[in-house]
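What follows is the content of data36.pdb (PDB, N, CA and C atoms).
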```pdb
MODEL        1
ATOM      1  N   TYR A 210       0.809  -1.193   0.000
ATOM      2  CA  TYR A 210       0.000   0.000   0.000
ATOM      3  C   TYR A 210       0.857   1.262   0.000
ATOM      4  N   SER A 211       1.983   1.225   0.645
ATOM      5  CA  SER A 211       2.817   2.422   0.709
ATOM      6  C   SER A 211       3.270   2.870  -0.679
ATOM      7  N   LYS A 212       3.413   1.937  -1.581
ATOM      8  CA  LYS A 212       3.825   2.256  -2.955
ATOM      9  C   LYS A 212       2.824   3.217  -3.617
ATOM     10  N   PHE A 213       1.558   3.079  -3.282
ATOM     11  CA  PHE A 213       0.518   3.889  -3.907
ATOM     12  C   PHE A 213       0.076   5.080  -3.069
ATOM     13  N   PHE A 214       0.171   4.980  -1.755
ATOM     14  CA  PHE A 214      -0.376   6.025  -0.907
ATOM     15  C   PHE A 214       0.634   7.028  -0.377
ATOM     16  N   ASP A 215       1.907   6.694  -0.303
ATOM     17  CA  ASP A 215       2.877   7.597   0.295
ATOM     18  C   ASP A 215       2.937   8.967  -0.371
ATOM     19  N   LYS A 216       2.630   9.040  -1.635
ATOM     20  CA  LYS A 216       2.703  10.317  -2.343
ATOM     21  C   LYS A 216       1.637  11.304  -1.869
ATOM     22  N   ASN A 217       0.483  10.804  -1.509
ATOM     23  CA  ASN A 217      -0.632  11.673  -1.170
ATOM     24  C   ASN A 217      -1.114  11.568   0.267
ATOM     25  N   PHE A 218      -0.701  10.543   0.961
ATOM     26  CA  PHE A 218      -1.179  10.308   2.318
ATOM     27  C   PHE A 218      -0.021   9.986   3.238
ATOM     28  N   LYS A 219      -0.208  10.300   4.509
ATOM     29  CA  LYS A 219       0.774   9.909   5.511
ATOM     30  C   LYS A 219       0.303   8.587   6.112
ATOM     31  N   LEU A 220       1.042   7.528   5.840
ATOM     32  CA  LEU A 220       0.658   6.217   6.362
ATOM     33  C   LEU A 220       1.304   5.995   7.718
ATOM     34  N   THR A 221       0.539   5.395   8.601
ATOM     35  CA  THR A 221       1.019   5.045   9.932
ATOM     36  C   THR A 221       0.850   3.542  10.090
ATOM     37  N   TYR A 222       1.871   2.912  10.610
ATOM     38  CA  TYR A 222       1.851   1.467  10.812
ATOM     39  C   TYR A 222       2.017   1.175  12.300
ATOM     40  N   PRO A 223       1.520   0.025  12.749
ATOM     41  CA  PRO A 223       1.849  -0.378  14.119
ATOM     42  C   PRO A 223       3.364  -0.560  14.223
ATOM     43  N   LYS A 224       3.893  -0.281  15.396
ATOM     44  CA  LYS A 224       5.334  -0.512  15.602
ATOM     45  C   LYS A 224       5.637  -1.975  15.327
ATOM     46  N   LYS A 225       6.878  -2.249  14.953
ATOM     47  CA  LYS A 225       7.259  -3.593  14.511
ATOM     48  C   LYS A 225       6.885  -4.677  15.533
ATOM     49  N   LEU A 226       7.161  -4.447  16.791
ATOM     50  CA  LEU A 226       6.831  -5.440  17.824
ATOM     51  C   LEU A 226       5.318  -5.638  17.907
ATOM     52  N   LEU A 227       4.574  -4.554  17.852
ATOM     53  CA  LEU A 227       3.116  -4.638  17.885
ATOM     54  C   LEU A 227       2.591  -5.348  16.638
ATOM     55  N   GLN A 228       3.204  -5.082  15.504
ATOM     56  CA  GLN A 228       2.829  -5.763  14.257
ATOM     57  C   GLN A 228       2.982  -7.273  14.423
ATOM     58  N   ASN A 229       4.108  -7.691  14.993
ATOM     59  CA  ASN A 229       4.374  -9.129  15.163
ATOM     60  C   ASN A 229       3.476  -9.770  16.215
ATOM     61  N   LEU A 230       3.334  -9.106  17.359
ATOM     62  CA  LEU A 230       2.583  -9.700  18.466
ATOM     63  C   LEU A 230       1.065  -9.557  18.313
ATOM     64  N   SER A 231       0.639  -8.624  17.516
ATOM     65  CA  SER A 231      -0.790  -8.365  17.400
ATOM     66  C   SER A 231      -1.319  -8.722  16.012
ATOM     67  N   VAL A 232      -0.894  -7.996  15.009
ATOM     68  CA  VAL A 232      -1.456  -8.176  13.660
ATOM     69  C   VAL A 232      -1.084  -9.535  13.079
ATOM     70  N   ASN A 233       0.183  -9.852  13.054
ATOM     71  CA  ASN A 233       0.615 -11.129  12.471
ATOM     72  C   ASN A 233       0.032 -12.321  13.226
ATOM     73  N   LYS A 234      -0.038 -12.179  14.535
ATOM     74  CA  LYS A 234      -0.608 -13.259  15.345
ATOM     75  C   LYS A 234      -2.111 -13.406  15.068
ATOM     76  N   ALA A 235      -2.808 -12.281  14.891
ATOM     77  CA  ALA A 235      -4.238 -12.331  14.582
ATOM     78  C   ALA A 235      -4.469 -13.023  13.243
ATOM     79  N   ILE A 236      -3.636 -12.716  12.270
ATOM     80  CA  ILE A 236      -3.741 -13.361  10.956
ATOM     81  C   ILE A 236      -3.572 -14.869  11.103
ATOM     82  N   LYS A 237      -2.587 -15.262  11.881
ATOM     83  CA  LYS A 237      -2.329 -16.692  12.112
ATOM     84  C   LYS A 237      -3.532 -17.360  12.782
ATOM     85  N   TYR A 238      -4.109 -16.687  13.790
ATOM     86  CA  TYR A 238      -5.269 -17.250  14.479
ATOM     87  C   TYR A 238      -6.469 -17.401  13.536
ATOM     88  N   VAL A 239      -6.700 -16.420  12.693
ATOM     89  CA  VAL A 239      -7.826 -16.521  11.756
ATOM     90  C   VAL A 239      -7.616 -17.710  10.831
ATOM     91  N   LYS A 240      -6.402 -17.887  10.351
ATOM     92  CA  LYS A 240      -6.110 -19.023   9.470
ATOM     93  C   LYS A 240      -6.353 -20.350  10.174
ATOM     94  N   MET A 241      -6.210 -20.346  11.498
ATOM     95  CA  MET A 241      -6.440 -21.549  12.289
ATOM     96  C   MET A 241      -7.920 -21.688  12.681
ATOM     97  N   GLY A 242      -8.732 -20.697  12.323
ATOM     98  CA  GLY A 242     -10.150 -20.728  12.678
ATOM     99  C   GLY A 242     -10.429 -20.238  14.086
ATOM    100  N   LYS A 243      -9.452 -19.606  14.718
ATOM    101  CA  LYS A 243      -9.602 -19.109  16.095
ATOM    102  C   LYS A 243      -9.899 -17.610  16.073
ATOM    103  N   ILE A 244     -11.117 -17.272  15.700
ATOM    104  CA  ILE A 244     -11.500 -15.878  15.489
ATOM    105  C   ILE A 244     -11.524 -15.089  16.799
ATOM    106  N   LYS A 245     -12.017 -15.681  17.865
ATOM    107  CA  LYS A 245     -12.058 -14.973  19.159
ATOM    108  C   LYS A 245     -10.651 -14.617  19.636
ATOM    109  N   GLU A 246      -9.722 -15.546  19.460
ATOM    110  CA  GLU A 246      -8.336 -15.286  19.842
ATOM    111  C   GLU A 246      -7.737 -14.194  18.965
ATOM    112  N   ALA A 247      -8.085 -14.218  17.685
ATOM    113  CA  ALA A 247      -7.599 -13.198  16.754
ATOM    114  C   ALA A 247      -8.103 -11.817  17.168
ATOM    115  N   GLU A 248      -9.364 -11.764  17.549
ATOM    116  CA  GLU A 248      -9.955 -10.498  18.011
ATOM    117  C   GLU A 248      -9.174  -9.946  19.196
ATOM    118  N   LYS A 249      -8.876 -10.801  20.157
ATOM    119  CA  LYS A 249      -8.188 -10.364  21.378
ATOM    120  C   LYS A 249      -6.784  -9.843  21.089
ATOM    121  N   VAL A 250      -6.036 -10.547  20.259
ATOM    122  CA  VAL A 250      -4.651 -10.117  20.019
ATOM    123  C   VAL A 250      -4.577  -8.932  19.062
ATOM    124  N   LEU A 251      -5.602  -8.719  18.256
ATOM    125  CA  LEU A 251      -5.599  -7.605  17.316
ATOM    126  C   LEU A 251      -5.949  -6.277  17.980
ATOM    127  N   GLN A 252      -6.691  -6.324  19.047
ATOM    128  CA  GLN A 252      -7.168  -5.114  19.724
ATOM    129  C   GLN A 252      -6.051  -4.101  20.019
ATOM    130  N   PRO A 253      -4.883  -4.494  20.546
ATOM    131  CA  PRO A 253      -3.839  -3.501  20.818
ATOM    132  C   PRO A 253      -3.374  -2.735  19.572
ATOM    133  N   ALA A 254      -3.295  -3.389  18.439
ATOM    134  CA  ALA A 254      -2.881  -2.712  17.206
ATOM    135  C   ALA A 254      -3.938  -1.695  16.778
ATOM    136  N   VAL A 255      -5.196  -2.079  16.856
ATOM    137  CA  VAL A 255      -6.280  -1.156  16.512
ATOM    138  C   VAL A 255      -6.272   0.020  17.475
ATOM    139  N   ASN A 256      -6.122  -0.253  18.761
ATOM    140  CA  ASN A 256      -6.065   0.821  19.765
ATOM    141  C   ASN A 256      -4.934   1.791  19.462
ATOM    142  N   TYR A 257      -3.783   1.258  19.083
ATOM    143  CA  TYR A 257      -2.618   2.087  18.761
ATOM    144  C   TYR A 257      -2.933   3.018  17.588
ATOM    145  N   LEU A 258      -3.514   2.472  16.527
ATOM    146  CA  LEU A 258      -3.813   3.278  15.345
ATOM    147  C   LEU A 258      -4.894   4.324  15.633
ATOM    148  N   VAL A 259      -5.866   3.975  16.451
ATOM    149  CA  VAL A 259      -6.891   4.935  16.859
ATOM    150  C   VAL A 259      -6.257   6.037  17.700
ATOM    151  N   LYS A 260      -5.381   5.650  18.610
ATOM    152  CA  LYS A 260      -4.682   6.623  19.463
ATOM    153  C   LYS A 260      -3.819   7.569  18.626
ATOM    154  N   MET A 261      -3.282   7.065  17.525
ATOM    155  CA  MET A 261      -2.466   7.879  16.626
ATOM    156  C   MET A 261      -3.348   8.775  15.743
ATOM    157  N   LYS A 262      -4.656   8.725  15.979
ATOM    158  CA  LYS A 262      -5.655   9.532  15.270
ATOM    159  C   LYS A 262      -5.712   9.233  13.770
ATOM    160  N   CYS A 263      -5.548   7.962  13.440
ATOM    161  CA  CYS A 263      -5.690   7.544  12.043
ATOM    162  C   CYS A 263      -7.146   7.733  11.625
ATOM    163  N   LYS A 264      -7.337   8.362  10.495
ATOM    164  CA  LYS A 264      -8.696   8.597  10.005
ATOM    165  C   LYS A 264      -9.269   7.359   9.344
ATOM    166  N   LYS A 265      -8.426   6.553   8.749
ATOM    167  CA  LYS A 265      -8.826   5.304   8.116
ATOM    168  C   LYS A 265      -7.794   4.240   8.442
ATOM    169  N   ILE A 266      -8.256   3.002   8.571
ATOM    170  CA  ILE A 266      -7.369   1.871   8.822
ATOM    171  C   ILE A 266      -7.610   0.851   7.722
ATOM    172  N   ILE A 267      -6.571   0.580   6.947
ATOM    173  CA  ILE A 267      -6.675  -0.381   5.849
ATOM    174  C   ILE A 267      -6.456  -1.785   6.401
ATOM    175  N   LEU A 268      -7.408  -2.654   6.161
ATOM    176  CA  LEU A 268      -7.293  -4.054   6.574
ATOM    177  C   LEU A 268      -6.628  -4.800   5.419
ATOM    178  N   GLY A 269      -5.302  -4.678   5.356
ATOM    179  CA  GLY A 269      -4.543  -5.100   4.187
ATOM    180  C   GLY A 269      -4.292  -6.581   4.054
ATOM    181  N   CYS A 270      -4.927  -7.388   4.827
ATOM    182  CA  CYS A 270      -4.794  -8.837   4.716
ATOM    183  C   CYS A 270      -6.196  -9.421   4.813
ATOM    184  N   SER A 271      -6.501 -10.383   3.982
ATOM    185  CA  SER A 271      -7.877 -10.891   3.914
ATOM    186  C   SER A 271      -8.385 -11.479   5.226
ATOM    187  N   GLU A 272      -7.502 -11.855   6.121
ATOM    188  CA  GLU A 272      -7.931 -12.413   7.406
ATOM    189  C   GLU A 272      -8.365 -11.328   8.396
ATOM    190  N   LEU A 273      -7.850 -10.122   8.255
ATOM    191  CA  LEU A 273      -8.083  -9.090   9.266
ATOM    192  C   LEU A 273      -9.543  -8.673   9.443
ATOM    193  N   PRO A 274     -10.330  -8.542   8.383
ATOM    194  CA  PRO A 274     -11.732  -8.162   8.615
ATOM    195  C   PRO A 274     -12.484  -9.140   9.521
ATOM    196  N   LEU A 275     -12.154 -10.411   9.432
ATOM    197  CA  LEU A 275     -12.834 -11.401  10.278
ATOM    198  C   LEU A 275     -12.601 -11.117  11.751
ATOM    199  N   ALA A 276     -11.409 -10.666  12.099
ATOM    200  CA  ALA A 276     -11.100 -10.357  13.495
ATOM    201  C   ALA A 276     -11.590  -8.967  13.874
ATOM    202  N   VAL A 277     -11.377  -7.987  13.018
ATOM    203  CA  VAL A 277     -11.726  -6.607  13.339
ATOM    204  C   VAL A 277     -13.213  -6.435  13.569
ATOM    205  N   PHE A 278     -14.025  -7.007  12.699
ATOM    206  CA  PHE A 278     -15.448  -6.765  12.808
ATOM    207  C   PHE A 278     -16.105  -7.522  13.963
ATOM    208  N   ARG A 279     -15.307  -8.252  14.723
ATOM    209  CA  ARG A 279     -15.783  -8.875  15.960
ATOM    210  C   ARG A 279     -15.412  -8.049  17.178
ATOM    211  N   LEU A 280     -14.558  -7.048  17.015
ATOM    212  CA  LEU A 280     -14.097  -6.266  18.161
ATOM    213  C   LEU A 280     -15.277  -5.614  18.877
ATOM    214  N   SER A 281     -15.424  -5.931  20.150
ATOM    215  CA  SER A 281     -16.595  -5.467  20.896
ATOM    216  C   SER A 281     -16.620  -3.952  21.043
ATOM    217  N   PHE A 282     -15.468  -3.303  21.174
ATOM    218  CA  PHE A 282     -15.505  -1.861  21.374
ATOM    219  C   PHE A 282     -15.999  -1.126  20.123
ATOM    220  N   LEU A 283     -15.896  -1.752  18.970
ATOM    221  CA  LEU A 283     -16.412  -1.138  17.745
ATOM    222  C   LEU A 283     -17.929  -1.085  17.773
ATOM    223  N   LYS A 284     -18.534  -2.118  18.290
ATOM    224  CA  LYS A 284     -19.987  -2.174  18.352
ATOM    225  C   LYS A 284     -20.532  -1.060  19.242
ATOM    226  N   ASN A 285     -19.800  -0.755  20.298
ATOM    227  CA  ASN A 285     -20.250   0.261  21.240
ATOM    228  C   ASN A 285     -20.016   1.678  20.719
ATOM    229  N   LYS A 286     -19.004   1.867  19.905
ATOM    230  CA  LYS A 286     -18.644   3.215  19.460
ATOM    231  C   LYS A 286     -18.952   3.465  17.990
ATOM    232  N   ASN A 287     -19.575   2.510  17.331
ATOM    233  CA  ASN A 287     -19.917   2.669  15.917
ATOM    234  C   ASN A 287     -18.706   3.122  15.097
ATOM    235  N   MET A 288     -17.594   2.430  15.264
ATOM    236  CA  MET A 288     -16.345   2.818  14.618
ATOM    237  C   MET A 288     -16.064   2.050  13.331
ATOM    238  N   TYR A 289     -17.003   1.257  12.871
ATOM    239  CA  TYR A 289     -16.769   0.457  11.670
ATOM    240  C   TYR A 289     -16.339   1.304  10.478
ATOM    241  N   LYS A 290     -16.817   2.529  10.419
ATOM    242  CA  LYS A 290     -16.573   3.367   9.254
ATOM    243  C   LYS A 290     -15.109   3.750   9.071
ATOM    244  N   ILE A 291     -14.269   3.564  10.074
ATOM    245  CA  ILE A 291     -12.856   3.926   9.906
ATOM    246  C   ILE A 291     -12.069   2.848   9.161
ATOM    247  N   PHE A 292     -12.637   1.657   9.027
ATOM    248  CA  PHE A 292     -11.913   0.560   8.400
ATOM    249  C   PHE A 292     -12.180   0.477   6.907
ATOM    250  N   ILE A 293     -11.124   0.193   6.172
ATOM    251  CA  ILE A 293     -11.218  -0.035   4.734
ATOM    252  C   ILE A 293     -10.887  -1.502   4.500
ATOM    253  N   ASP A 294     -11.834  -2.212   3.920
ATOM    254  CA  ASP A 294     -11.647  -3.627   3.613
ATOM    255  C   ASP A 294     -11.412  -3.766   2.106
ATOM    256  N   PRO A 295     -10.153  -3.901   1.675
ATOM    257  CA  PRO A 295      -9.853  -4.001   0.243
ATOM    258  C   PRO A 295     -10.590  -5.140  -0.456
ATOM    259  N   ASN A 296     -10.844  -6.234   0.247
ATOM    260  CA  ASN A 296     -11.559  -7.354  -0.372
ATOM    261  C   ASN A 296     -12.998  -6.967  -0.720
ATOM    262  N   SER A 297     -13.644  -6.219   0.157
ATOM    263  CA  SER A 297     -15.007  -5.752  -0.118
ATOM    264  C   SER A 297     -15.017  -4.799  -1.302
ATOM    265  N   ILE A 298     -14.036  -3.935  -1.354
ATOM    266  CA  ILE A 298     -13.940  -2.977  -2.458
ATOM    267  C   ILE A 298     -13.735  -3.724  -3.776
ATOM    268  N   LEU A 299     -12.841  -4.708  -3.760
ATOM    269  CA  LEU A 299     -12.572  -5.499  -4.959
ATOM    270  C   LEU A 299     -13.823  -6.272  -5.397
ATOM    271  N   ALA A 300     -14.508  -6.880  -4.450
ATOM    272  CA  ALA A 300     -15.722  -7.634  -4.776
ATOM    273  C   ALA A 300     -16.784  -6.714  -5.359
ATOM    274  N   SER A 301     -16.947  -5.553  -4.774
ATOM    275  CA  SER A 301     -17.929  -4.594  -5.251
ATOM    276  C   SER A 301     -17.594  -4.119  -6.673
ATOM    277  N   ALA A 302     -16.334  -3.803  -6.897
ATOM    278  CA  ALA A 302     -15.901  -3.358  -8.228
ATOM    279  C   ALA A 302     -16.079  -4.479  -9.251
ATOM    280  N   SER A 303     -15.811  -5.710  -8.849
ATOM    281  CA  SER A 303     -15.972  -6.853  -9.759
ATOM    282  C   SER A 303     -17.430  -7.045 -10.140
ATOM    283  N   MET A 304     -18.320  -6.899  -9.175
ATOM    284  CA  MET A 304     -19.744  -7.045  -9.447
ATOM    285  C   MET A 304     -20.230  -5.959 -10.405
ATOM    286  N   LYS A 305     -19.768  -4.730 -10.195
ATOM    287  CA  LYS A 305     -20.153  -3.631 -11.075
ATOM    288  C   LYS A 305     -19.640  -3.885 -12.492
ATOM    289  N   ALA A 306     -18.393  -4.317 -12.607
ATOM    290  CA  ALA A 306     -17.808  -4.591 -13.922
ATOM    291  C   ALA A 306     -18.553  -5.728 -14.607
ATOM    292  N   ASN A 307     -18.910  -6.748 -13.846
ATOM    293  CA  ASN A 307     -19.642  -7.884 -14.392
ATOM    294  C   ASN A 307     -21.020  -7.450 -14.895
ATOM    295  N   ASN A 308     -21.703  -6.630 -14.103
ATOM    296  CA  ASN A 308     -23.029  -6.144 -14.507
ATOM    297  C   ASN A 308     -22.941  -5.260 -15.738
ATOM    298  N   GLN A 309     -21.910  -4.426 -15.820
ATOM    299  CA  GLN A 309     -21.746  -3.569 -16.998
ATOM    300  C   GLN A 309     -21.455  -4.398 -18.236
ATOM    301  N   ALA A 310     -20.666  -5.440 -18.082
ATOM    302  CA  ALA A 310     -20.330  -6.323 -19.216
ATOM    303  C   ALA A 310     -21.590  -7.008 -19.750
ATOM    304  N   LYS A 311     -22.501  -7.384 -18.864
ATOM    305  CA  LYS A 311     -23.750  -8.031 -19.288
ATOM    306  C   LYS A 311     -24.612  -7.088 -20.114
ATOM    307  N   PHE A 312     -24.625  -5.810 -19.707
ATOM    308  CA  PHE A 312     -25.453  -4.847 -20.423
ATOM    309  C   PHE A 312     -24.840  -4.432 -21.754
ATOM    310  N   ASN A 313     -23.525  -4.549 -21.877
ATOM    311  CA  ASN A 313     -22.843  -4.121 -23.098
ATOM    312  C   ASN A 313     -22.806  -5.211 -24.178
ATOM    313  N   THR A 314     -23.231  -6.423 -23.863
ATOM    314  CA  THR A 314     -23.180  -7.505 -24.864
ATOM    315  C   THR A 314     -24.510  -7.694 -25.539
TER     316      THR A 314
ENDMDL
END
```

When written as structure tokens, how does the structure in this file appear?
Amino acid sequence: YSKFFDKNFKLTYPKKLLQNLSVNKAIKYVKMGKIKEAEKVLQPAVNYLVKMKCKKIILGCSELPLAVFRLSFLKNKNMYKIFIDPNSILASASMKANNQAKFNT
């Protein structure tokens, strides 16, 4: 993502240790089917990015939305809107392209 966004946006990442202990571990847990565990270990990384006043958080790995959207504090604060799920965007764009192709034939 930095290849495309650094020119126009200031990207903030979790610190390396937090990335390893939180984000990478959450990804591993999701792959193992342990979503509750993924939610718990991901929370510190999300808290860090929120504390850094990030306006948007890119969920740059397909496993992350499964853990993020279970975070209980999001439900209480209606914070879902800060997350960007690239997979959802891709799926939506694919559906639009598919529908346009049907109408053009």

- Message: Translate the PyMOL selection byres ((chain A and resi 251-262) around 6.5) into a concrete residue list for this structure, as JSON, numbers by chain.
- Response: {"A": [223, 227, 231, 232, 235, 246, 247, 248, 249, 250, 263, 264, 265]}

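As for atom C of Tyr210 of chain A and atom CA of Lys290 of chain A, they are spaced 19.8 Å apart.
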
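A straight line drawn from atom CA of Asp294 of chain A to atom CA of Lys224 of chain A is 21.0 Å long.
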
- Item | Two-atom distance - atom C of Lys245 of chain A, atom CA of Asn296 of chain A (Å) | 21.3 Å

- Message: Please determine, counting all atoms listed in the file, which residue among A:Leu275, A:Gln228, A:Ile267, A:Leu220 has the shortest atom-to-atom distance to Ile244 of chain A.
- Response: A:Leu275

- Message: Using DSSP secondary structure from the backbone, list all strand (DSSP E) positions within chain A, as a ChimeraX atom specification.
- Response: /A:266-267,292-293

Mind dumping the selected residues with N, CA and C atoms as a PDB file, in the frame of the given file?
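Done, and the output landed in out08.pdb:
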```
ATOM      1  N   ILE A 266      -8.256   3.002   8.571  1.00  0.00           N
ATOM      2  CA  ILE A 266      -7.369   1.871   8.822  1.00  0.00           C
ATOM      3  C   ILE A 266      -7.610   0.851   7.722  1.00  0.00           C
ATOM      4  N   ILE A 267      -6.571   0.580   6.947  1.00  0.00           N
ATOM      5  CA  ILE A 267      -6.675  -0.381   5.849  1.00  0.00           C
ATOM      6  C   ILE A 267      -6.456  -1.785   6.401  1.00  0.00           C
ATOM      7  N   PHE A 292     -12.637   1.657   9.027  1.00  0.00           N
ATOM      8  CA  PHE A 292     -11.913   0.560   8.400  1.00  0.00           C
ATOM      9  C   PHE A 292     -12.180   0.477   6.907  1.00  0.00           C
ATOM     10  N   ILE A 293     -11.124   0.193   6.172  1.00  0.00           N
ATOM     11  CA  ILE A 293     -11.218  -0.035   4.734  1.00  0.00           C
ATOM     12  C   ILE A 293     -10.887  -1.502   4.500  1.00  0.00           C
TER      13      ILE A 293
END
```
